[in-house]
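> For reference, the structure I am asking about is given below.
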Protein chains: 2
Amino acid sequence: MSSLLTSPTASSRAAGLLFAPIATDLAAVERVYAETVAHGKPGLARLIQHLDQYRGKRLRPVLLLLTAHACGRVTPTHHVLGAVVEMVHTATLVHDDVLDEAGLRRHVPTVNAGWGNKASILLGDYLFTHAFHLSSTTGDARACELIGEATNRVCEGELQQTLERGNLSLSEEEYLEIIDKKTAALTACCCQLGAYYAEAEPEVVERLANYGRSLGIAFQVADDLLDITGREQTAGKTLGTDLEQLKLTLPLIHMLENVRPEEATRLRALLRGRSPQRREAITEAVETTKAVAYARQKADDFAAAARDELECLPPSDFRSILETLTHWSVRREK
Amino acid sequence: MSSLLTSPTASSRAAGLLFAPIATDLAAVERVYAETVAHGKPGLARLIQHLDQYRGKRLRPVLLLLTAHACGRVTPTHHVLGAVVEMVHTATLVHDDVLDEAGLRRHVPTVNAGWGNKASILLGDYLFTHAFHLSSTTGDARACELIGEATNRVCEGELQQTLERGNLSLSEEEYLEIIDKKTAALTACCCQLGAYYAEAEPEVVERLANYGRSLGIAFQVADDLLDITGREQTAGKTLGTDLEQLKLTLPLIHMLENVRPEEATRLRALLRGRSPQRREAITEAVETTKAVAYARQKADDFAAAARDELECLPPSDFRSILETLTHWSVRREK
């Protein structure tokens with residue numbers, strides 16, 4: 001989800017303007033982050049420095065700070081927890097990047113090249129454990145509990161996704177469960193923490209957690225969609241990274257569930273066999289079943305659901321930015 | 001450190017008898033552990049079941065429970081934290097087991113075979129995050145802080161060791177710093193938690209943390225020594241796994257620091273070049289410099305230092321077992 005506000009320069013500039021109201025708080029989060037992961041040993045320091053290339057536009061601390069502001073107050077605890085969620089996210093990216101199949105080595109330029117998989121794994125662990133230790137410095141076990149629970153759901157979702165790779169009968173429900181865990185658990189937690197430590201009413205905390213959750217799902221559905229449509233428009237040659245890895249996402253699941261059973265069997269065999277005709281056959285079935293439009297609508301529905309939750313907040317610039325993010329999450333073009 | 005009480009059946013039986021006084025508490029720890037990691041999805045459940053083969057004799061919960069008893073009381077918090085430290089340890093073993101070099105794949109039968117590296121990494125993360133979440137259920141941020149800090153030191157030590165691989169000028173001080181982090185930080189934390197939640201006096205908590213720390217270092221020095229002496233006695237062909245991986249341990253460090261500089265240069269070149277004469281040359285230099293005896297004495301010194309700390313405790317069966325462990329840690333034969 002790191003690319004939400006990255007890639008196109010125009011978007012980056014827009015993001016810069018959009019997040020201007022929380023610039024001071026973001027700088028405070030960055031300071032806590034940098035102080036926490038810093039290390040005196042040159043070898044370790046170089047490895048930690050290398051991490052900067054993993055990081056995007058700090059979406060998770062942004063969500064945490066915006067909800068805090070929208071609820072009326074930002075405290076030093078928010079800055080600490082902003083650094084915690086960013087650290088957790090970076091840890092998952094580092095581990096996501098460790099390759100597991102020899103075949104993939106050839107296609108993906110490895111960022112682990114300089115240090116090997118083992119150092120990457122340990123670097124991710126270093127971040128995870130720093131994040132947990134940092135959350136305990138708030139002195140509140142509730143913060144540790146919320147962070148621990150969300151992080152656990154993220155790992156569980158990633159693990160389920162990995163174990164389901166190659167399962168071409170994955171249902172829409174199973175897919176949504178996976179992305180609810182791997183992406184939405186942490187965005188929900190960010191908004192929950194922002195509201196909770198701004199001392200918002202329990203109902204507001206809950207609704208903002210729901211906002212973060214729906215936003216995360218909307219984003220992930222849109223992101224998975226880009227893996228198909230983005231590739232088709234630009235390269236025009238592949239079926240997208242997810243499908244190459246036999247990882248089913250919403251459009252393909254919808255397609256397989258909405259063709260005749262024998263056609264679904266044929267399409268699954270084509271996908272598995274990596275036949276050269278598969279691209280044409282899949283594209284045709286995706287069009288026939290209006291699978292892209294279906295997935296896009298689904299993303300829009302989650303974005304709208306996220307917006308609805310914001311009604312619990314009084315009008316403010318911060319609430320407006322949270323609303324803007326729901327549109328942004330489903331309208332990116334890369 | 002999982003093999004402390006494993007391998008020989010005689011030792012296992014002895015361990016069973018030795019730990020009989022805490023059998024009920026260990027069973028409670030096991031229940032918390034099993035309930036926490038359990039999962040309803042069959043795929044994930046199988047992977048979690050596979051974990052059992054990683055686990056040894058629960059040394060870390062044993063240390064935590066023994067110190068608690070020796071301080072006069074064991075509470076449900078101890079059972080929860082016993083499961084936490086075991087989970088953290090298992091997570092580090094799982095990540096330790098993910099291979100980073102193609103060459104190693106050929107020599108080591110991979111336990112990741114069934115699921116691939118990625119699933120192993122995520123499984124370790126699943127355990128880490130469950131451990132942190134579980135520690136927050138004590139409702140005490142102090143528990144999260146101690147666990148977070150110790151776990152962080154473990155990862156930092158492992159990371160330093162990985163980055164120092166191939167450094168044939170590693171000093172004794174650097175070596176001790178690494179094992180102090182990667183092994184002793186968690187054993188120290190176990191004893192600290194045991195005493196702290198038994199409401200021992202701060203001085204006793206500190207001395208028992210020191211006990212755990214010295215015990216951990218003694219164990220690791222002895223374990224590294226076994227990698228050399230064990231191999232020489234049994235296989236008689238290799239220089240031990242550590243040296244094959246160009247990972248310097250205490251006897252080799254002492255040897256390189258106690259031969260003439262030009263001889264040290266020649267030995268380092270032999271090690272790096274993987275020459276066939278190196279085994280003989282290294283064995284000779286190890287003997288000349290009495291490097292094995294030196295390392296053994298060092299392990300004994302740390303074991304004795306650990307014993308000294310136990311003087312803060314009133315005599316009891318539990319204190320006696322803690323004392324027995326200091327002898328055991330340096331006298332294993334494999």
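Labels for the structure tokens follow display order: chains A, B, ..., residues from 1 in each chain, ligands from 1.
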Based on only C-alpha atoms, which of the residues in chain B come within 6 Å of chain A? I want them as a PyMOL selection string.
chain B and resi 100+116-118+122+126+129+132-133+136+139-141+144-145+148-149+152+155+159
> Quick one: write out the picked residues with N, CA and C atoms as a PDB file, in the first residue's frame?

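In the end it all went to part06.pdb:
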ATOM      1  N   ASP B 100      20.071 -18.496   3.441  1.00  0.00           N
ATOM      2  CA  ASP B 100      20.371 -17.279   2.693  1.00  0.00           C
ATOM      3  C   ASP B 100      21.362 -17.495   1.571  1.00  0.00           C
ATOM      4  N   GLY B 116       8.385 -23.306   1.545  1.00  0.00           N
ATOM      5  CA  GLY B 116       9.207 -22.236   0.986  1.00  0.00           C
ATOM      6  C   GLY B 116       9.612 -21.225   2.035  1.00  0.00           C
ATOM      7  N   ASN B 117      10.609 -20.416   1.676  1.00  0.00           N
ATOM      8  CA  ASN B 117      11.143 -19.420   2.607  1.00  0.00           C
ATOM      9  C   ASN B 117      10.096 -18.420   3.062  1.00  0.00           C
ATOM     10  N   LYS B 118       9.256 -18.001   2.113  1.00  0.00           N
ATOM     11  CA  LYS B 118       8.308 -16.937   2.436  1.00  0.00           C
ATOM     12  C   LYS B 118       7.369 -17.353   3.573  1.00  0.00           C
ATOM     13  N   LEU B 122       6.995 -15.664   7.313  1.00  0.00           N
ATOM     14  CA  LEU B 122       5.711 -15.187   7.834  1.00  0.00           C
ATOM     15  C   LEU B 122       5.282 -15.961   9.074  1.00  0.00           C
ATOM     16  N   TYR B 126       4.389 -14.391  12.544  1.00  0.00           N
ATOM     17  CA  TYR B 126       3.131 -14.768  13.211  1.00  0.00           C
ATOM     18  C   TYR B 126       3.407 -15.047  14.694  1.00  0.00           C
ATOM     19  N   THR B 129       4.524 -11.711  16.597  1.00  0.00           N
ATOM     20  CA  THR B 129       3.423 -10.794  16.869  1.00  0.00           C
ATOM     21  C   THR B 129       2.448 -11.389  17.888  1.00  0.00           C
ATOM     22  N   PHE B 132       4.047 -10.775  21.273  1.00  0.00           N
ATOM     23  CA  PHE B 132       3.891  -9.405  21.755  1.00  0.00           C
ATOM     24  C   PHE B 132       2.457  -9.132  22.191  1.00  0.00           C
ATOM     25  N   HIS B 133       1.523  -9.619  21.402  1.00  0.00           N
ATOM     26  CA  HIS B 133       0.133  -9.423  21.788  1.00  0.00           C
ATOM     27  C   HIS B 133      -0.149 -10.125  23.113  1.00  0.00           C
ATOM     28  N   SER B 136       0.935  -8.270  26.122  1.00  0.00           N
ATOM     29  CA  SER B 136       0.081  -7.123  26.472  1.00  0.00           C
ATOM     30  C   SER B 136      -1.159  -7.557  27.264  1.00  0.00           C
ATOM     31  N   GLY B 139      -1.729  -6.831  30.867  1.00  0.00           N
ATOM     32  CA  GLY B 139      -2.232  -5.517  31.265  1.00  0.00           C
ATOM     33  C   GLY B 139      -1.143  -4.603  31.798  1.00  0.00           C
ATOM     34  N   ASP B 140       0.110  -5.051  31.713  1.00  0.00           N
ATOM     35  CA  ASP B 140       1.217  -4.294  32.279  1.00  0.00           C
ATOM     36  C   ASP B 140       2.218  -3.943  31.174  1.00  0.00           C
ATOM     37  N   ALA B 141       2.336  -2.634  30.891  1.00  0.00           N
ATOM     38  CA  ALA B 141       3.248  -2.196  29.831  1.00  0.00           C
ATOM     39  C   ALA B 141       4.701  -2.557  30.145  1.00  0.00           C
ATOM     40  N   CYS B 144       5.597  -5.748  28.476  1.00  0.00           N
ATOM     41  CA  CYS B 144       5.805  -5.521  27.044  1.00  0.00           C
ATOM     42  C   CYS B 144       7.169  -4.883  26.810  1.00  0.00           C
ATOM     43  N   GLU B 145       7.538  -3.978  27.717  1.00  0.00           N
ATOM     44  CA  GLU B 145       8.811  -3.278  27.575  1.00  0.00           C
ATOM     45  C   GLU B 145       9.984  -4.254  27.711  1.00  0.00           C
ATOM     46  N   GLY B 148       9.948  -6.631  24.765  1.00  0.00           N
ATOM     47  CA  GLY B 148      10.315  -5.894  23.552  1.00  0.00           C
ATOM     48  C   GLY B 148      11.811  -5.616  23.508  1.00  0.00           C
ATOM     49  N   GLU B 149      12.342  -5.193  24.632  1.00  0.00           N
ATOM     50  CA  GLU B 149      13.760  -4.839  24.684  1.00  0.00           C
ATOM     51  C   GLU B 149      14.645  -6.079  24.480  1.00  0.00           C
ATOM     52  N   ASN B 152      14.457  -7.367  20.968  1.00  0.00           N
ATOM     53  CA  ASN B 152      15.181  -6.475  20.087  1.00  0.00           C
ATOM     54  C   ASN B 152      16.681  -6.742  20.146  1.00  0.00           C
ATOM     55  N   CYS B 155      17.539  -9.891  18.157  1.00  0.00           N
ATOM     56  CA  CYS B 155      17.585  -9.656  16.709  1.00  0.00           C
ATOM     57  C   CYS B 155      18.827  -8.858  16.320  1.00  0.00           C
ATOM     58  N   LEU B 159      21.689 -10.091  13.838  1.00  0.00           N
ATOM     59  CA  LEU B 159      22.002  -9.255  12.678  1.00  0.00           C
ATOM     60  C   LEU B 159      23.494  -8.939  12.655  1.00  0.00           C
TER      61      LEU B 159
END
> Can you check which parts of segment 152-229 of chain B lie within 10 Å of segment 311-329 of chain B? Per residue, the shortest pair of atoms and distance in Å to one decimal, counting only C-alpha atoms, sorted by chain and number, as a tab-separated table.

residue	atom	partner	partner_atom	distance
B:Ala200	CA	B:Leu313	CA	9.9
B:Glu203	CA	B:Cys312	CA	8.5
B:Val204	CA	B:Cys312	CA	6.2
B:Val205	CA	B:Cys312	CA	9.5
B:Arg207	CA	B:Cys312	CA	7.3
B:Leu208	CA	B:Cys312	CA	8.3
B:Tyr211	CA	B:Leu322	CA	9.1
B:Gly212	CA	B:Leu322	CA	9.6
B:Ser214	CA	B:Thr326	CA	9.0
B:Leu215	CA	B:Thr326	CA	6.1
B:Gly216	CA	B:Ser329	CA	8.4
B:Ile217	CA	B:Ser329	CA	9.5
B:Ala218	CA	B:Ser329	CA	6.7
B:Phe219	CA	B:Ser329	CA	4.9
B:Gln220	CA	B:Ser329	CA	8.5
B:Val221	CA	B:Ser329	CA	9.5
B:Ala222	CA	B:Ser329	CA	7.3
B:Asp223	CA	B:Ser329	CA	8.6
> For the residues in the current selection, export C-alpha atoms as an mmCIF file, in the first residue's frame.

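Saved file result31.cif follows:
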data_model
loop_
_atom_site.group_PDB
_atom_site.id
_atom_site.type_symbol
_atom_site.label_atom_id
_atom_site.label_comp_id
_atom_site.auth_asym_id
_atom_site.auth_seq_id
_atom_site.Cartn_x
_atom_site.Cartn_y
_atom_site.Cartn_z
ATOM 1 C CA ALA B 200 11.053 -9.985 44.609
ATOM 2 C CA GLU B 203 18.152 -6.099 44.006
ATOM 3 C CA VAL B 204 17.094 -9.744 43.720
ATOM 4 C CA VAL B 205 15.446 -9.083 40.349
ATOM 5 C CA ARG B 207 20.882 -10.327 40.422
ATOM 6 C CA LEU B 208 18.683 -12.988 38.855
ATOM 7 C CA TYR B 211 22.335 -14.964 36.596
ATOM 8 C CA GLY B 212 20.350 -15.512 33.388
ATOM 9 C CA SER B 214 25.906 -15.182 32.591
ATOM 10 C CA LEU B 215 24.225 -18.562 32.147
ATOM 11 C CA GLY B 216 23.320 -17.637 28.565
ATOM 12 C CA ILE B 217 26.859 -16.542 27.747
ATOM 13 C CA ALA B 218 28.359 -19.668 29.383
ATOM 14 C CA PHE B 219 26.005 -21.825 27.386
ATOM 15 C CA GLN B 220 26.766 -20.117 24.079
ATOM 16 C CA VAL B 221 30.548 -20.262 24.529
ATOM 17 C CA ALA B 222 30.256 -23.976 25.358
ATOM 18 C CA ASP B 223 27.893 -24.505 22.409
#
> Here is a test: counting only C-alpha atoms, which residue of B:Leu270, B:Val330, B:Ile282, B:Leu63 is nearest to Ala303 of chain B?
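Comparing B:Leu270, B:Val330, B:Ile282, B:Leu63 against Ala303 of chain B, the winner is B:Val330.
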> Mind checking DSSP for segment 76-264 of chain B and telling me the helix (DSSP H, G or I) residues as a PyMOL selection string?
chain B and resi 76-96+102-107+116-136+141-164+172-196+202-234+241-244+250-257+261-264
> Suppose you want the space between atom CA of Val85 of chain B and atom CA of Leu51 of chain B; what is it in Å?
15.2 Å
> Mind checking which residues fall within 6 Å of segment 71-84 of chain A, counting only C-alpha atoms, ignoring those fewer than 5 positions away in the same chain, and posting them as an mmCIF file with N, CA and C atoms, in the first residue's frame?

data_model
loop_
_atom_site.group_PDB
_atom_site.id
_atom_site.type_symbol
_atom_site.label_atom_id
_atom_site.label_comp_id
_atom_site.auth_asym_id
_atom_site.auth_seq_id
_atom_site.Cartn_x
_atom_site.Cartn_y
_atom_site.Cartn_z
ATOM 1 N N VAL A 29 7.084 12.608 14.033
ATOM 2 C CA VAL A 29 7.058 11.149 13.852
ATOM 3 C C VAL A 29 8.383 10.672 13.252
ATOM 4 N N TYR A 33 11.048 7.994 14.769
ATOM 5 C CA TYR A 33 11.408 6.834 13.944
ATOM 6 C C TYR A 33 12.931 6.726 13.801
ATOM 7 N N PRO A 61 1.218 6.683 9.412
ATOM 8 C CA PRO A 61 1.237 7.813 10.365
ATOM 9 C C PRO A 61 0.318 8.953 9.943
ATOM 10 N N ALA A 131 9.513 -1.681 17.038
ATOM 11 C CA ALA A 131 8.154 -1.136 17.037
ATOM 12 C C ALA A 131 7.426 -1.537 18.314
ATOM 13 N N ALA A 198 -6.741 10.644 21.281
ATOM 14 C CA ALA A 198 -7.269 12.009 21.283
ATOM 15 C C ALA A 198 -8.454 12.069 22.251
#
> Quick one: residues within 8 Å of Arg60 of chain B, only C-alpha atoms, excluding same-chain residues fewer than 2 positions away - as number ranges by chain?
B: 58, 62-64, 82, 85-86, 186-187, 190
> Any chance you can output those residues with N, CA and C atoms as a PDB file, in the first residue's frame?

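Okay, this is what ended up in part.pdb:
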ATOM      1  N   ARG B  58      12.047 -26.429  26.323  1.00  0.00           N
ATOM      2  CA  ARG B  58      11.415 -25.262  26.968  1.00  0.00           C
ATOM      3  C   ARG B  58      12.324 -24.626  28.008  1.00  0.00           C
ATOM      4  N   VAL B  62      11.315 -22.662  31.525  1.00  0.00           N
ATOM      5  CA  VAL B  62      11.858 -23.330  32.718  1.00  0.00           C
ATOM      6  C   VAL B  62      12.591 -22.319  33.597  1.00  0.00           C
ATOM      7  N   LEU B  63      13.442 -21.495  32.997  1.00  0.00           N
ATOM      8  CA  LEU B  63      14.186 -20.483  33.760  1.00  0.00           C
ATOM      9  C   LEU B  63      13.227 -19.504  34.435  1.00  0.00           C
ATOM     10  N   LEU B  64      12.217 -19.083  33.671  1.00  0.00           N
ATOM     11  CA  LEU B  64      11.254 -18.121  34.211  1.00  0.00           C
ATOM     12  C   LEU B  64      10.506 -18.703  35.415  1.00  0.00           C
ATOM     13  N   GLY B  82       5.739 -17.161  30.341  1.00  0.00           N
ATOM     14  CA  GLY B  82       6.487 -18.359  29.954  1.00  0.00           C
ATOM     15  C   GLY B  82       6.183 -18.728  28.507  1.00  0.00           C
ATOM     16  N   VAL B  85       7.963 -16.088  26.137  1.00  0.00           N
ATOM     17  CA  VAL B  85       9.400 -16.261  25.860  1.00  0.00           C
ATOM     18  C   VAL B  85       9.664 -17.489  24.985  1.00  0.00           C
ATOM     19  N   GLU B  86       8.858 -18.516  25.169  1.00  0.00           N
ATOM     20  CA  GLU B  86       9.004 -19.706  24.322  1.00  0.00           C
ATOM     21  C   GLU B  86       8.644 -19.376  22.866  1.00  0.00           C
ATOM     22  N   LEU B 186      17.797 -12.905  26.142  1.00  0.00           N
ATOM     23  CA  LEU B 186      16.508 -13.557  26.415  1.00  0.00           C
ATOM     24  C   LEU B 186      16.550 -14.402  27.696  1.00  0.00           C
ATOM     25  N   THR B 187      17.658 -15.098  27.957  1.00  0.00           N
ATOM     26  CA  THR B 187      17.733 -15.878  29.206  1.00  0.00           C
ATOM     27  C   THR B 187      17.734 -14.928  30.409  1.00  0.00           C
ATOM     28  N   CYS B 190      14.143 -13.797  30.958  1.00  0.00           N
ATOM     29  CA  CYS B 190      13.324 -14.849  31.583  1.00  0.00           C
ATOM     30  C   CYS B 190      13.452 -14.791  33.104  1.00  0.00           C
TER      31      CYS B 190
END
> Please determine, counting only C-alpha atoms, which residue among B:Ser169, B:Ala45, B:Ala28, B:Val94 has the shortest atom-to-atom distance to Thr265 of chain B.
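That would be B:Ser169, the residue with the smallest distance to Thr265 of chain B.
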